[in-house]
Amino acid sequence: MADSNPETHVIDFRAAEQLLAARDPRGAVKLLDSVIAAHPENTAARLLRARAFFAAAQLRPAQLEFELVLEREPDNAFAHFALARTFERSGQTGRATRHFRLAAALDPKPEYLRAAGFDSRN
């Protein structure tokens, strides 16, 4: 993109959020590719792209992005939870359980606790 600059990257990031919310994950990935190419250290863009990959059922790229986010932010409960959902969806239940439990330990949200099997309700 010839006019690529920090302002257009912010615009692209925000537009990608809107595309994902509008159920166009592939469009979101396309916008985020240029943002991440210019700012590979941007964890928020990588997390958003991971979510878009997951929504597009591109599980391996989603897994790689979530793992990269967790390398940088090992205490990111949402990234653990989303990675667990990715593993769950790809049939890797053991790996999913580990990350569900990490998410619940980091942030005891009811959704995380239920997924980890820590919900006290029967």
# chains A, B, ... in the order shown; residues from 1 in each chain; ligands from 1

$ residues_around --residues "segment 54-61 of chain A" --least-positions-apart "2" --cutoff "9 Å" --atoms "only C-alpha atoms" --output "MDAnalysis selection string"
chainID A and resid 20 23:26 49:52 63:66 82 85:87 89:90

$ atom_distance --atom1 "atom CA of Ala116 of chain A" --atom2 "atom CA of Ala79 of chain A"
14.3 Å

$ closest_residue --among "A:Ser4, A:Thr97, A:Ser34, A:Thr43" --to "Leu70 of chain A" --atoms "only C-alpha atoms"
A:Thr43

$ select_by_dssp --residues "segment 63-105 of chain A" --states "helix (DSSP H, G or I)" --output "count of residues only"
36

$ residues_around --residues "Ala45 of chain A" --least-positions-apart "3" --cutoff "8 Å" --atoms "only C-alpha atoms" --output "count of residues only"
7

$ atom_distance --atom1 "atom CA of Leu102 of chain A" --atom2 "atom CA of Glu41 of chain A"
23.6 Å

$ atom_distance --atom1 "atom CA of Asp12 of chain A" --atom2 "atom CA of Asn76 of chain A"
23.7 Å

$ residues_around --residues "Asp107 of chain A" --least-positions-apart "4" --cutoff "8 Å" --atoms "only C-alpha atoms" --output "PyMOL selection string"
chain A and resi 77+103+112

$ write_last_selection --atoms "N, CA, C and O atoms" --output "PDB file, in the first residue's frame"
ATOM      1  N   ALA A  77      -5.453 -13.865  29.984  1.00  0.00           N
ATOM      2  CA  ALA A  77      -6.462 -14.902  30.197  1.00  0.00           C
ATOM      3  C   ALA A  77      -7.305 -15.130  28.949  1.00  0.00           C
ATOM      4  O   ALA A  77      -7.610 -16.279  28.609  1.00  0.00           O
ATOM      5  N   ALA A 103      -6.618 -19.991  31.868  1.00  0.00           N
ATOM      6  CA  ALA A 103      -7.494 -18.824  31.736  1.00  0.00           C
ATOM      7  C   ALA A 103      -8.289 -18.606  33.019  1.00  0.00           C
ATOM      8  O   ALA A 103      -8.377 -17.481  33.521  1.00  0.00           O
ATOM      9  N   TYR A 112     -14.944 -18.847  31.928  1.00  0.00           N
ATOM     10  CA  TYR A 112     -13.650 -19.525  32.008  1.00  0.00           C
ATOM     11  C   TYR A 112     -13.705 -20.666  33.021  1.00  0.00           C
ATOM     12  O   TYR A 112     -13.152 -21.743  32.788  1.00  0.00           O
TER      13      TYR A 112
END

$ closest_residue --among "A:Leu47, A:Ala16, A:Ala38, A:Leu83" --to "His99 of chain A" --atoms "only C-alpha atoms"
A:Leu83

$ closest_residue --among "A:Arg14, A:Arg101, A:His80, A:Lys30" --to "Leu68 of chain A" --atoms "only C-alpha atoms"
A:His80
